[in-house]
Amino acid sequence: MKNSLLGLFVALAVSAAPAARAAERTINIFNWSDYIDPKVLEDFTRETGVKVVYDTYDSNEILETRLLAGNAGYDVVVPSATFLQREIKAGVYQTLDKSKLTNAKNVWPEIAARLARYDPGAAYAVDYMWFTTGIAYNVKKIKSRLRDKPMTSWDQVLRPDNLRKFADCGVYVLDSPEDLFSIALNYLKLDPNSKNANDIRRAADLLAGLRHFVKKFHSSEYINALANGDICLAIGWAGDSFQARNRAREAGNGVEIAYVIPQEGALMSLDALAIPKDAPHPGDAHLFIDYLLRPDVAARNTKATNFANGVLASRPLIDKEIAENPAIYPDEATMKRLFTVTAPDPALQKIITREWTRVKTGR
Ligand code: N2P
């Protein structure tokens, strides 16, 4: 009797154990804000049983500080390619187990090839989204201030005399030295990827001249600020700018937002999915990345964020309004105007950080 009771307990314990473990499966995701369809996270949990603890950031610098401090507890993070490149060198990521990424067959070869310049052999990351940095603006407010001239050139925002015209209706600029220095260098007809300290100082001089007309340097608040009419101009990312346009439309508040890739060209960036070396749940991290590479899931994330994704097979599933918008999915002519950058070495990074502080504070 005793033995059979014990046997029953053991049998119960054994059969309950997998269920209990399954209920506890969790992954910790650290991603950019406004960068996923929240329903995708719910569906992932429903389909896999893995709960998602989700936290957001709005700058590579924040992510990098956490990663370098170690033991941040993240399973999947989303660095931009340049940061990925130097973080791989710093040893913060683990190589991906491709056998667990069955949906990797869906990636966009051209985008994967671009990312491989930062991650040779595509060992550590796959592309999530890719995009440009351009000018988002309130159509009515800009029209009156430009006296009906169209917004087409960086000249209209990077010259203090021009930016001055928009100061009264509110200007935000990304708090991202990589974006702003490459844009300024390109505008000055220097190499946007210059690794020369003097070039960086010249770009900083240009940008510092704009500070008085900038209400805020910030990399996520501009979405709502544009949508509700608090600001009229932002140097921002494509998808975020179209999210602002859509939020204004949904609010029916009469605010019309447009986004332009100026004629002089714009920075094109890639954001990648990667797994930190110390990720507590690497198996489920792969499961999550593989889920994001599913064409229908990638299409939903693009629909929600207005960012182009790295999954070619998702394109036929994306509404024409997005898939055929050359400011989101640049056509060949637009592509020619885009430039890309690589990571600076630590010595130049120090100069960039110092010069960026000077741009923002004047000191
Ligand atoms: C999402 C911004 C992602 C683009 N709001 C910058 N990496």
# chains A, B, ... in the order shown; residues from 1 in each chain; ligands from 1
>>> closest_atom_pairs(of="chain A", to="ligand 1", cutoff="7 Å", atoms="only C-alpha atoms and all ligand atoms", output="Markdown table")
| residue | atom | partner | partner_atom_place_in_ligand_line | distance |
| --- | --- | --- | --- | --- |
| A:Trp32 | CA | ligand 1 | 1 (C) | 5.1 |
| A:Ser33 | CA | ligand 1 | 5 (N) | 4.9 |
| A:Asp34 | CA | ligand 1 | 5 (N) | 4.5 |
| A:Tyr35 | CA | ligand 1 | 1 (C) | 4.8 |
| A:Asp58 | CA | ligand 1 | 2 (C) | 6.7 |
| A:Ser80 | CA | ligand 1 | 7 (N) | 5.8 |
| A:Ser220 | CA | ligand 1 | 5 (N) | 6.2 |
| A:Trp237 | CA | ligand 1 | 4 (C) | 6.1 |
| A:Asp240 | CA | ligand 1 | 5 (N) | 5.5 |
| A:Asp271 | CA | ligand 1 | 7 (N) | 5.9 |
>>> write_last_selection(atoms="N, CA, C and O atoms", output="JSON list (two decimals), in the first residue's frame")
[["chain", "number", "residue", "atom", "x", "y", "z"],
["A", 32, "TRP", "N", 13.80, 48.31, -29.40],
["A", 32, "TRP", "CA", 13.49, 49.72, -29.56],
["A", 32, "TRP", "C", 11.99, 49.94, -29.29],
["A", 32, "TRP", "O", 11.17, 49.05, -29.58],
["A", 33, "SER", "N", 11.64, 51.10, -28.82],
["A", 33, "SER", "CA", 10.22, 51.42, -28.61],
["A", 33, "SER", "C", 9.52, 51.55, -29.97],
["A", 33, "SER", "O", 10.17, 51.89, -30.98],
["A", 34, "ASP", "N", 8.22, 51.30, -30.00],
["A", 34, "ASP", "CA", 7.42, 51.41, -31.23],
["A", 34, "ASP", "C", 8.03, 50.61, -32.37],
["A", 34, "ASP", "O", 8.19, 51.11, -33.49],
["A", 35, "TYR", "N", 8.39, 49.36, -32.09],
["A", 35, "TYR", "CA", 9.14, 48.60, -33.09],
["A", 35, "TYR", "C", 8.62, 47.19, -33.27],
["A", 35, "TYR", "O", 9.33, 46.34, -33.79],
["A", 58, "ASP", "N", 15.53, 53.60, -26.60],
["A", 58, "ASP", "CA", 15.49, 54.37, -27.83],
["A", 58, "ASP", "C", 16.86, 54.86, -28.26],
["A", 58, "ASP", "O", 16.97, 55.81, -29.02],
["A", 80, "SER", "N", 21.74, 48.33, -33.74],
["A", 80, "SER", "CA", 21.98, 48.74, -35.12],
["A", 80, "SER", "C", 23.31, 48.13, -35.57],
["A", 80, "SER", "O", 24.17, 47.81, -34.75],
["A", 220, "SER", "N", 12.57, 59.24, -29.47],
["A", 220, "SER", "CA", 11.27, 58.54, -29.58],
["A", 220, "SER", "C", 10.07, 59.46, -29.37],
["A", 220, "SER", "O", 9.00, 59.21, -29.93],
["A", 237, "TRP", "N", 13.49, 58.89, -37.97],
["A", 237, "TRP", "CA", 13.56, 57.65, -38.74],
["A", 237, "TRP", "C", 12.26, 57.45, -39.52],
["A", 237, "TRP", "O", 11.18, 57.83, -39.05],
["A", 240, "ASP", "N", 9.10, 55.61, -37.87],
["A", 240, "ASP", "CA", 8.54, 56.43, -36.79],
["A", 240, "ASP", "C", 7.76, 57.61, -37.36],
["A", 240, "ASP", "O", 6.70, 57.99, -36.84],
["A", 271, "ASP", "N", 18.87, 47.34, -38.42],
["A", 271, "ASP", "CA", 18.79, 46.88, -37.03],
["A", 271, "ASP", "C", 18.71, 45.37, -37.03],
["A", 271, "ASP", "O", 17.93, 44.79, -37.81]]
>>> closest_atom_pairs(of="segment 241-309 of chain A", to="segment 323-337 of chain A", cutoff="9 Å", atoms="only C-alpha atoms", output="CSV")
residue,atom,partner,partner_atom,distance
A:Phe242,CA,A:Ile328,CA,8.9
A:Tyr259,CA,A:Ala327,CA,7.5
A:Val260,CA,A:Ala327,CA,7.0
A:Ile261,CA,A:Ala327,CA,6.7
A:Pro262,CA,A:Arg337,CA,8.9
A:Gln263,CA,A:Arg337,CA,7.5
A:Glu264,CA,A:Arg337,CA,6.9
A:Gly265,CA,A:Arg337,CA,4.5
A:Ala266,CA,A:Arg337,CA,6.7
A:Leu267,CA,A:Arg337,CA,8.9
A:Met268,CA,A:Met335,CA,8.8
A:Asn306,CA,A:Ile328,CA,7.0
A:Phe307,CA,A:Ile328,CA,6.3
A:Ala308,CA,A:Ile328,CA,5.9
>>> residues_around(residues="Asp179 of chain A", least_positions_apart="3", cutoff="12 Å", atoms="only C-alpha atoms", output="VMD selection string")
chain A and resid 59 to 60 80 82 131 to 134 173 to 176 182 to 186 192 to 193 203 207 219 235 to 237 266 to 269 339 to 343 352 356
>>> atom_distance(atom1="atom CA of Asp284 of chain A", atom2="atom CA of Ile29 of chain A")
10.9 Å
>>> select_by_dssp(residues="segment 208-354 of chain A", states="helix (DSSP H, G or I)", output="mmCIF file with N, CA, C and O atoms, in the first residue's frame")
data_model
loop_
_atom_site.group_PDB
_atom_site.id
_atom_site.type_symbol
_atom_site.label_atom_id
_atom_site.label_comp_id
_atom_site.auth_asym_id
_atom_site.auth_seq_id
_atom_site.Cartn_x
_atom_site.Cartn_y
_atom_site.Cartn_z
ATOM 1 N N ALA A 208 26.200 72.346 -34.069
ATOM 2 C CA ALA A 208 26.118 73.199 -32.870
ATOM 3 C C ALA A 208 25.417 74.512 -33.208
ATOM 4 O O ALA A 208 24.747 75.106 -32.350
ATOM 5 N N ARG A 211 21.579 74.383 -32.541
ATOM 6 C CA ARG A 211 21.060 74.058 -31.201
ATOM 7 C C ARG A 211 19.992 75.032 -30.706
ATOM 8 O O ARG A 211 18.991 74.624 -30.126
ATOM 9 N N HIS A 212 20.168 76.308 -30.952
ATOM 10 C CA HIS A 212 19.221 77.307 -30.427
ATOM 11 C C HIS A 212 17.825 77.154 -31.002
ATOM 12 O O HIS A 212 16.864 77.640 -30.438
ATOM 13 N N PHE A 213 17.729 76.477 -32.135
ATOM 14 C CA PHE A 213 16.425 76.328 -32.784
ATOM 15 C C PHE A 213 15.811 74.951 -32.555
ATOM 16 O O PHE A 213 14.771 74.634 -33.102
ATOM 17 N N TYR A 222 9.344 62.177 -30.593
ATOM 18 C CA TYR A 222 8.889 62.958 -31.745
ATOM 19 C C TYR A 222 7.671 62.347 -32.432
ATOM 20 O O TYR A 222 6.936 63.040 -33.128
ATOM 21 N N ILE A 223 7.453 61.054 -32.230
ATOM 22 C CA ILE A 223 6.295 60.416 -32.891
ATOM 23 C C ILE A 223 5.011 61.100 -32.408
ATOM 24 O O ILE A 223 4.235 61.641 -33.208
ATOM 25 N N ASN A 224 4.805 61.088 -31.097
ATOM 26 C CA ASN A 224 3.578 61.720 -30.577
ATOM 27 C C ASN A 224 3.598 63.237 -30.730
ATOM 28 O O ASN A 224 2.574 63.851 -30.995
ATOM 29 N N ALA A 225 4.780 63.822 -30.560
ATOM 30 C CA ALA A 225 4.861 65.289 -30.636
ATOM 31 C C ALA A 225 4.462 65.783 -32.028
ATOM 32 O O ALA A 225 3.764 66.792 -32.167
ATOM 33 N N LEU A 226 4.871 65.044 -33.068
ATOM 34 C CA LEU A 226 4.445 65.410 -34.427
ATOM 35 C C LEU A 226 2.955 65.156 -34.596
ATOM 36 O O LEU A 226 2.221 65.988 -35.132
ATOM 37 N N ALA A 227 2.520 63.974 -34.117
ATOM 38 C CA ALA A 227 1.129 63.562 -34.343
ATOM 39 C C ALA A 227 0.134 64.509 -33.696
ATOM 40 O O ALA A 227 -0.942 64.747 -34.242
ATOM 41 N N ALA A 238 12.398 56.807 -40.690
ATOM 42 C CA ALA A 238 11.265 56.676 -41.610
ATOM 43 C C ALA A 238 10.029 56.082 -40.939
ATOM 44 O O ALA A 238 8.954 56.700 -40.925
ATOM 45 N N GLY A 239 10.139 54.891 -40.401
ATOM 46 C CA GLY A 239 8.965 54.218 -39.846
ATOM 47 C C GLY A 239 8.293 55.039 -38.758
ATOM 48 O O GLY A 239 7.059 55.168 -38.720
ATOM 49 N N ASP A 240 9.103 55.606 -37.871
ATOM 50 C CA ASP A 240 8.540 56.426 -36.787
ATOM 51 C C ASP A 240 7.755 57.606 -37.362
ATOM 52 O O ASP A 240 6.703 57.990 -36.837
ATOM 53 N N SER A 241 8.281 58.192 -38.432
ATOM 54 C CA SER A 241 7.628 59.357 -39.028
ATOM 55 C C SER A 241 6.274 58.979 -39.609
ATOM 56 O O SER A 241 5.292 59.715 -39.479
ATOM 57 N N PHE A 242 6.226 57.799 -40.245
ATOM 58 C CA PHE A 242 4.928 57.347 -40.779
ATOM 59 C C PHE A 242 3.987 56.907 -39.661
ATOM 60 O O PHE A 242 2.766 57.021 -39.803
ATOM 61 N N GLN A 243 4.554 56.432 -38.553
ATOM 62 C CA GLN A 243 3.686 56.151 -37.398
ATOM 63 C C GLN A 243 3.050 57.447 -36.906
ATOM 64 O O GLN A 243 1.879 57.479 -36.526
ATOM 65 N N ALA A 244 3.830 58.523 -36.908
ATOM 66 C CA ALA A 244 3.291 59.828 -36.491
ATOM 67 C C ALA A 244 2.165 60.250 -37.431
ATOM 68 O O ALA A 244 1.097 60.687 -36.993
ATOM 69 N N ARG A 245 2.404 60.085 -38.736
ATOM 70 C CA ARG A 245 1.360 60.420 -39.716
ATOM 71 C C ARG A 245 0.082 59.630 -39.431
ATOM 72 O O ARG A 245 -1.020 60.185 -39.413
ATOM 73 N N ASN A 246 0.249 58.325 -39.181
ATOM 74 C CA ASN A 246 -0.923 57.474 -38.954
ATOM 75 C C ASN A 246 -1.637 57.822 -37.653
ATOM 76 O O ASN A 246 -2.863 57.788 -37.588
ATOM 77 N N ARG A 247 -0.858 58.146 -36.612
ATOM 78 C CA ARG A 247 -1.508 58.506 -35.333
ATOM 79 C C ARG A 247 -2.348 59.773 -35.493
ATOM 80 O O ARG A 247 -3.430 59.885 -34.931
ATOM 81 N N ALA A 248 -1.827 60.729 -36.260
ATOM 82 C CA ALA A 248 -2.586 61.966 -36.488
ATOM 83 C C ALA A 248 -3.859 61.660 -37.273
ATOM 84 O O ALA A 248 -4.935 62.163 -36.952
ATOM 85 N N ARG A 249 -3.736 60.812 -38.279
ATOM 86 C CA ARG A 249 -4.918 60.434 -39.074
ATOM 87 C C ARG A 249 -5.958 59.767 -38.188
ATOM 88 O O ARG A 249 -7.152 60.057 -38.285
ATOM 89 N N GLU A 250 -5.488 58.829 -37.329
ATOM 90 C CA GLU A 250 -6.432 58.129 -36.448
ATOM 91 C C GLU A 250 -7.106 59.085 -35.483
ATOM 92 O O GLU A 250 -8.276 58.930 -35.143
ATOM 93 N N ALA A 251 -6.343 60.093 -35.028
ATOM 94 C CA ALA A 251 -6.909 61.056 -34.075
ATOM 95 C C ALA A 251 -7.863 62.024 -34.779
ATOM 96 O O ALA A 251 -8.674 62.697 -34.143
ATOM 97 N N PRO A 282 18.746 30.799 -24.146
ATOM 98 C CA PRO A 282 19.149 30.873 -25.564
ATOM 99 C C PRO A 282 18.267 30.042 -26.495
ATOM 100 O O PRO A 282 18.036 30.429 -27.634
ATOM 101 N N GLY A 283 17.769 28.920 -26.026
ATOM 102 C CA GLY A 283 16.920 28.071 -26.882
ATOM 103 C C GLY A 283 15.661 28.816 -27.285
ATOM 104 O O GLY A 283 15.316 28.902 -28.476
ATOM 105 N N ASP A 284 14.977 29.388 -26.303
ATOM 106 C CA ASP A 284 13.743 30.117 -26.610
ATOM 107 C C ASP A 284 14.035 31.451 -27.311
ATOM 108 O O ASP A 284 13.176 31.984 -28.018
ATOM 109 N N ALA A 285 15.239 31.974 -27.115
ATOM 110 C CA ALA A 285 15.623 33.187 -27.858
ATOM 111 C C ALA A 285 15.650 32.867 -29.354
ATOM 112 O O ALA A 285 15.161 33.643 -30.178
ATOM 113 N N HIS A 286 16.220 31.709 -29.712
ATOM 114 C CA HIS A 286 16.208 31.287 -31.121
ATOM 115 C C HIS A 286 14.773 31.100 -31.624
ATOM 116 O O HIS A 286 14.446 31.469 -32.745
ATOM 117 N N LEU A 287 13.933 30.517 -30.760
ATOM 118 C CA LEU A 287 12.534 30.288 -31.140
ATOM 119 C C LEU A 287 11.861 31.625 -31.466
ATOM 120 O O LEU A 287 11.099 31.738 -32.434
ATOM 121 N N PHE A 288 12.159 32.644 -30.665
ATOM 122 C CA PHE A 288 11.557 33.971 -30.870
ATOM 123 C C PHE A 288 12.076 34.614 -32.162
ATOM 124 O O PHE A 288 11.299 35.146 -32.964
ATOM 125 N N ILE A 289 13.376 34.541 -32.375
ATOM 126 C CA ILE A 289 13.938 35.125 -33.608
ATOM 127 C C ILE A 289 13.337 34.417 -34.823
ATOM 128 O O ILE A 289 12.940 35.042 -35.804
ATOM 129 N N ASP A 290 13.243 33.082 -34.727
ATOM 130 C CA ASP A 290 12.673 32.331 -35.846
ATOM 131 C C ASP A 290 11.225 32.749 -36.109
ATOM 132 O O ASP A 290 10.789 32.829 -37.263
ATOM 133 N N TYR A 291 10.510 33.040 -35.037
ATOM 134 C CA TYR A 291 9.109 33.483 -35.170
ATOM 135 C C TYR A 291 9.046 34.819 -35.921
ATOM 136 O O TYR A 291 8.208 35.022 -36.800
ATOM 137 N N LEU A 292 9.963 35.737 -35.579
ATOM 138 C CA LEU A 292 9.974 37.047 -36.251
ATOM 139 C C LEU A 292 10.353 36.925 -37.728
ATOM 140 O O LEU A 292 10.048 37.816 -38.522
ATOM 141 N N PRO A 295 7.280 34.909 -42.570
ATOM 142 C CA PRO A 295 6.831 35.999 -43.451
ATOM 143 C C PRO A 295 5.578 36.722 -42.953
ATOM 144 O O PRO A 295 5.515 37.954 -42.992
ATOM 145 N N ASP A 296 4.590 35.969 -42.476
ATOM 146 C CA ASP A 296 3.346 36.637 -42.028
ATOM 147 C C ASP A 296 3.600 37.494 -40.789
ATOM 148 O O ASP A 296 3.016 38.567 -40.637
ATOM 149 N N VAL A 297 4.490 37.036 -39.919
ATOM 150 C CA VAL A 297 4.792 37.797 -38.698
ATOM 151 C C VAL A 297 5.587 39.064 -39.058
ATOM 152 O O VAL A 297 5.292 40.163 -38.579
ATOM 153 N N ALA A 298 6.580 38.907 -39.936
ATOM 154 C CA ALA A 298 7.378 40.068 -40.369
ATOM 155 C C ALA A 298 6.464 41.107 -41.029
ATOM 156 O O ALA A 298 6.617 42.321 -40.812
ATOM 157 N N ALA A 299 5.500 40.626 -41.840
ATOM 158 C CA ALA A 299 4.580 41.556 -42.513
ATOM 159 C C ALA A 299 3.747 42.324 -41.483
ATOM 160 O O ALA A 299 3.529 43.531 -41.625
ATOM 161 N N ARG A 300 3.312 41.639 -40.439
ATOM 162 C CA ARG A 300 2.508 42.324 -39.409
ATOM 163 C C ARG A 300 3.340 43.371 -38.676
ATOM 164 O O ARG A 300 2.851 44.457 -38.351
ATOM 165 N N ASN A 301 4.603 43.051 -38.417
ATOM 166 C CA ASN A 301 5.447 44.035 -37.724
ATOM 167 C C ASN A 301 5.716 45.258 -38.610
ATOM 168 O O ASN A 301 5.766 46.393 -38.122
ATOM 169 N N THR A 302 5.857 45.026 -39.899
ATOM 170 C CA THR A 302 6.030 46.163 -40.808
ATOM 171 C C THR A 302 4.752 46.999 -40.880
ATOM 172 O O THR A 302 4.794 48.229 -40.874
ATOM 173 N N LYS A 303 3.619 46.325 -40.913
ATOM 174 C CA LYS A 303 2.346 47.044 -40.973
ATOM 175 C C LYS A 303 2.163 47.933 -39.732
ATOM 176 O O LYS A 303 1.738 49.077 -39.834
ATOM 177 N N ALA A 304 2.559 47.394 -38.591
ATOM 178 C CA ALA A 304 2.378 48.143 -37.336
ATOM 179 C C ALA A 304 3.395 49.269 -37.181
ATOM 180 O O ALA A 304 3.104 50.304 -36.581
ATOM 181 N N THR A 305 4.604 49.078 -37.713
ATOM 182 C CA THR A 305 5.673 50.054 -37.437
ATOM 183 C C THR A 305 6.030 50.932 -38.629
ATOM 184 O O THR A 305 6.721 51.935 -38.460
ATOM 185 N N LEU A 312 12.339 38.917 -47.182
ATOM 186 C CA LEU A 312 11.859 39.156 -48.549
ATOM 187 C C LEU A 312 10.491 38.519 -48.781
ATOM 188 O O LEU A 312 9.608 39.106 -49.404
ATOM 189 N N ALA A 313 10.311 37.305 -48.244
ATOM 190 C CA ALA A 313 9.057 36.565 -48.474
ATOM 191 C C ALA A 313 7.844 37.248 -47.836
ATOM 192 O O ALA A 313 6.710 36.856 -48.079
ATOM 193 N N SER A 314 8.070 38.280 -47.028
ATOM 194 C CA SER A 314 6.935 38.992 -46.406
ATOM 195 C C SER A 314 6.376 40.072 -47.333
ATOM 196 O O SER A 314 5.270 40.563 -47.132
ATOM 197 N N ARG A 315 7.145 40.448 -48.336
ATOM 198 C CA ARG A 315 6.741 41.610 -49.168
ATOM 199 C C ARG A 315 5.392 41.473 -49.843
ATOM 200 O O ARG A 315 4.597 42.410 -49.821
ATOM 201 N N PRO A 316 5.105 40.300 -50.427
ATOM 202 C CA PRO A 316 3.778 40.169 -51.064
ATOM 203 C C PRO A 316 2.630 40.285 -50.068
ATOM 204 O O PRO A 316 1.486 40.498 -50.469
ATOM 205 N N LEU A 317 2.921 40.157 -48.773
ATOM 206 C CA LEU A 317 1.862 40.183 -47.758
ATOM 207 C C LEU A 317 1.649 41.588 -47.186
ATOM 208 O O LEU A 317 0.820 41.787 -46.305
ATOM 209 N N LYS A 320 0.062 47.680 -50.297
ATOM 210 C CA LYS A 320 0.772 48.505 -51.286
ATOM 211 C C LYS A 320 1.198 49.845 -50.708
ATOM 212 O O LYS A 320 2.248 50.378 -51.043
ATOM 213 N N GLU A 321 0.365 50.412 -49.876
ATOM 214 C CA GLU A 321 0.653 51.743 -49.330
ATOM 215 C C GLU A 321 2.025 51.778 -48.639
ATOM 216 O O GLU A 321 2.714 52.796 -48.655
ATOM 217 N N ILE A 322 2.409 50.654 -48.067
ATOM 218 C CA ILE A 322 3.719 50.558 -47.415
ATOM 219 C C ILE A 322 4.754 49.964 -48.380
ATOM 220 O O ILE A 322 5.828 50.532 -48.590
ATOM 221 N N ALA A 323 4.409 48.831 -49.002
ATOM 222 C CA ALA A 323 5.389 48.109 -49.831
ATOM 223 C C ALA A 323 5.834 48.925 -51.043
ATOM 224 O O ALA A 323 6.937 48.745 -51.551
ATOM 225 N N GLU A 332 15.087 51.786 -56.708
ATOM 226 C CA GLU A 332 16.498 51.826 -57.079
ATOM 227 C C GLU A 332 17.071 53.241 -57.112
ATOM 228 O O GLU A 332 18.192 53.481 -56.660
ATOM 229 N N ALA A 333 16.287 54.171 -57.650
ATOM 230 C CA ALA A 333 16.768 55.560 -57.758
ATOM 231 C C ALA A 333 17.009 56.132 -56.353
ATOM 232 O O ALA A 333 18.020 56.809 -56.109
ATOM 233 N N THR A 334 16.100 55.855 -55.426
ATOM 234 C CA THR A 334 16.264 56.356 -54.057
ATOM 235 C C THR A 334 17.462 55.676 -53.400
ATOM 236 O O THR A 334 18.261 56.319 -52.707
ATOM 237 N N MET A 335 17.569 54.382 -53.636
ATOM 238 C CA MET A 335 18.652 53.594 -53.036
ATOM 239 C C MET A 335 20.013 54.207 -53.361
ATOM 240 O O MET A 335 20.915 54.208 -52.528
ATOM 241 N N LYS A 336 20.148 54.726 -54.572
ATOM 242 C CA LYS A 336 21.428 55.308 -55.017
ATOM 243 C C LYS A 336 21.817 56.518 -54.175
ATOM 244 O O LYS A 336 22.977 56.897 -54.109
ATOM 245 N N PRO A 346 37.543 53.038 -30.895
ATOM 246 C CA PRO A 346 37.269 53.628 -29.570
ATOM 247 C C PRO A 346 37.802 55.057 -29.407
ATOM 248 O O PRO A 346 37.164 55.898 -28.766
ATOM 249 N N ALA A 347 38.968 55.349 -30.016
ATOM 250 C CA ALA A 347 39.542 56.695 -29.857
ATOM 251 C C ALA A 347 38.643 57.728 -30.533
ATOM 252 O O ALA A 347 38.348 58.792 -29.969
ATOM 253 N N LEU A 348 38.198 57.425 -31.749
ATOM 254 C CA LEU A 348 37.323 58.366 -32.446
ATOM 255 C C LEU A 348 35.958 58.436 -31.762
ATOM 256 O O LEU A 348 35.337 59.496 -31.705
ATOM 257 N N GLN A 349 35.509 57.309 -31.229
ATOM 258 C CA GLN A 349 34.217 57.293 -30.530
ATOM 259 C C GLN A 349 34.228 58.301 -29.377
ATOM 260 O O GLN A 349 33.237 58.994 -29.138
ATOM 261 N N LYS A 350 35.356 58.380 -28.687
ATOM 262 C CA LYS A 350 35.463 59.338 -27.571
ATOM 263 C C LYS A 350 35.266 60.765 -28.069
ATOM 264 O O LYS A 350 34.583 61.572 -27.452
ATOM 265 N N ILE A 351 35.900 61.051 -29.206
ATOM 266 C CA ILE A 351 35.778 62.395 -29.789
ATOM 267 C C ILE A 351 34.332 62.656 -30.210
ATOM 268 O O ILE A 351 33.774 63.729 -29.955
ATOM 269 N N ILE A 352 33.718 61.653 -30.822
ATOM 270 C CA ILE A 352 32.325 61.789 -31.266
ATOM 271 C C ILE A 352 31.412 62.068 -30.071
ATOM 272 O O ILE A 352 30.556 62.960 -30.117
ATOM 273 N N THR A 353 31.604 61.314 -29.006
ATOM 274 C CA THR A 353 30.758 61.484 -27.811
ATOM 275 C C THR A 353 30.932 62.901 -27.253
ATOM 276 O O THR A 353 29.958 63.574 -26.907
ATOM 277 N N ARG A 354 32.192 63.354 -27.189
ATOM 278 C CA ARG A 354 32.460 64.691 -26.647
ATOM 279 C C ARG A 354 31.861 65.769 -27.556
ATOM 280 O O ARG A 354 31.223 66.720 -27.098
#
>>> atom_distance(atom1="atom CA of Lys216 of chain A", atom2="atom CA of Ala272 of chain A")
27.3 Å
>>> select_by_dssp(residues="segment 37-264 of chain A", states="strand (DSSP E or B)", output="PyMOL selection string")
chain A and resi 51-57+76-77+80+93+107+125-138+171-173+216-217+233-237+257-260
>>> residues_around(residues="Gly73 of chain A", least_positions_apart="4", cutoff="7 Å", atoms="only C-alpha atoms", output="MDAnalysis selection string")
chainID A and resid 28 279:280
>>> closest_residue(among="A:Asp161, A:Asp43, A:Glu178, A:Glu256", to="Leu210 of chain A", atoms="only C-alpha atoms")
A:Asp161
>>> closest_residue(among="A:Trp130, A:Tyr74, A:Tyr137, A:Phe217", to="Tyr172 of chain A", atoms="only C-alpha atoms")
A:Phe217
>>> closest_residue(among="A:Val126, A:Ile62, A:Asn138, A:Phe181", to="Asn228 of chain A", atoms="only C-alpha atoms")
A:Asn138
>>> closest_residue(among="A:Asp168, A:Asp205, A:Glu221, A:Asp278", to="Asn71 of chain A", atoms="only C-alpha atoms")
A:Asp278
>>> residues_around(residues="segment 94-107 of chain A", least_positions_apart="4", cutoff="7 Å", atoms="only C-alpha atoms", output="ChimeraX atom specification")
/A:112,123-125,275-277,286,290,293-294,310-313
>>> residues_around(residues="Ile231 of chain A", least_positions_apart="6", cutoff="7 Å", atoms="only C-alpha atoms", output="JSON list (two decimals) with C-alpha atoms, in the first residue's frame")
[["chain", "number", "residue", "atom", "x", "y", "z"],
["A", 169, "CYS", "CA", 6.49, 75.65, -34.18],
["A", 170, "GLY", "CA", 8.90, 73.17, -32.61],
["A", 171, "VAL", "CA", 11.88, 71.17, -33.85],
["A", 225, "ALA", "CA", 4.86, 65.29, -30.64]]
>>> decode(residues="segment 222-233 of chain A", atoms="N, CA and C atoms", output="PDB file, in the first residue's frame")
ATOM      1  N   TYR A 222       9.344  62.177 -30.593  1.00  0.00           N
ATOM      2  CA  TYR A 222       8.889  62.958 -31.745  1.00  0.00           C
ATOM      3  C   TYR A 222       7.671  62.347 -32.432  1.00  0.00           C
ATOM      4  N   ILE A 223       7.453  61.054 -32.230  1.00  0.00           N
ATOM      5  CA  ILE A 223       6.295  60.416 -32.891  1.00  0.00           C
ATOM      6  C   ILE A 223       5.011  61.100 -32.408  1.00  0.00           C
ATOM      7  N   ASN A 224       4.805  61.088 -31.097  1.00  0.00           N
ATOM      8  CA  ASN A 224       3.578  61.720 -30.577  1.00  0.00           C
ATOM      9  C   ASN A 224       3.598  63.237 -30.730  1.00  0.00           C
ATOM     10  N   ALA A 225       4.780  63.822 -30.560  1.00  0.00           N
ATOM     11  CA  ALA A 225       4.861  65.289 -30.636  1.00  0.00           C
ATOM     12  C   ALA A 225       4.462  65.783 -32.028  1.00  0.00           C
ATOM     13  N   LEU A 226       4.871  65.044 -33.068  1.00  0.00           N
ATOM     14  CA  LEU A 226       4.445  65.410 -34.427  1.00  0.00           C
ATOM     15  C   LEU A 226       2.955  65.156 -34.596  1.00  0.00           C
ATOM     16  N   ALA A 227       2.520  63.974 -34.117  1.00  0.00           N
ATOM     17  CA  ALA A 227       1.129  63.562 -34.343  1.00  0.00           C
ATOM     18  C   ALA A 227       0.134  64.509 -33.696  1.00  0.00           C
ATOM     19  N   ASN A 228       0.488  65.039 -32.530  1.00  0.00           N
ATOM     20  CA  ASN A 228      -0.503  65.908 -31.875  1.00  0.00           C
ATOM     21  C   ASN A 228      -0.258  67.394 -32.132  1.00  0.00           C
ATOM     22  N   GLY A 229       0.702  67.691 -33.012  1.00  0.00           N
ATOM     23  CA  GLY A 229       0.904  69.076 -33.418  1.00  0.00           C
ATOM     24  C   GLY A 229       1.787  69.894 -32.476  1.00  0.00           C
ATOM     25  N   ASP A 230       2.421  69.228 -31.501  1.00  0.00           N
ATOM     26  CA  ASP A 230       3.311  69.945 -30.579  1.00  0.00           C
ATOM     27  C   ASP A 230       4.582  70.436 -31.257  1.00  0.00           C
ATOM     28  N   ILE A 231       5.012  69.697 -32.275  1.00  0.00           N
ATOM     29  CA  ILE A 231       6.188  70.139 -33.034  1.00  0.00           C
ATOM     30  C   ILE A 231       5.833  70.079 -34.525  1.00  0.00           C
ATOM     31  N   CYS A 232       6.635  70.777 -35.342  1.00  0.00           N
ATOM     32  CA  CYS A 232       6.325  70.796 -36.774  1.00  0.00           C
ATOM     33  C   CYS A 232       7.427  70.163 -37.607  1.00  0.00           C
ATOM     34  N   LEU A 233       8.551  69.823 -36.974  1.00  0.00           N
ATOM     35  CA  LEU A 233       9.672  69.296 -37.756  1.00  0.00           C
ATOM     36  C   LEU A 233      10.513  68.365 -36.885  1.00  0.00           C
TER      37      LEU A 233
END
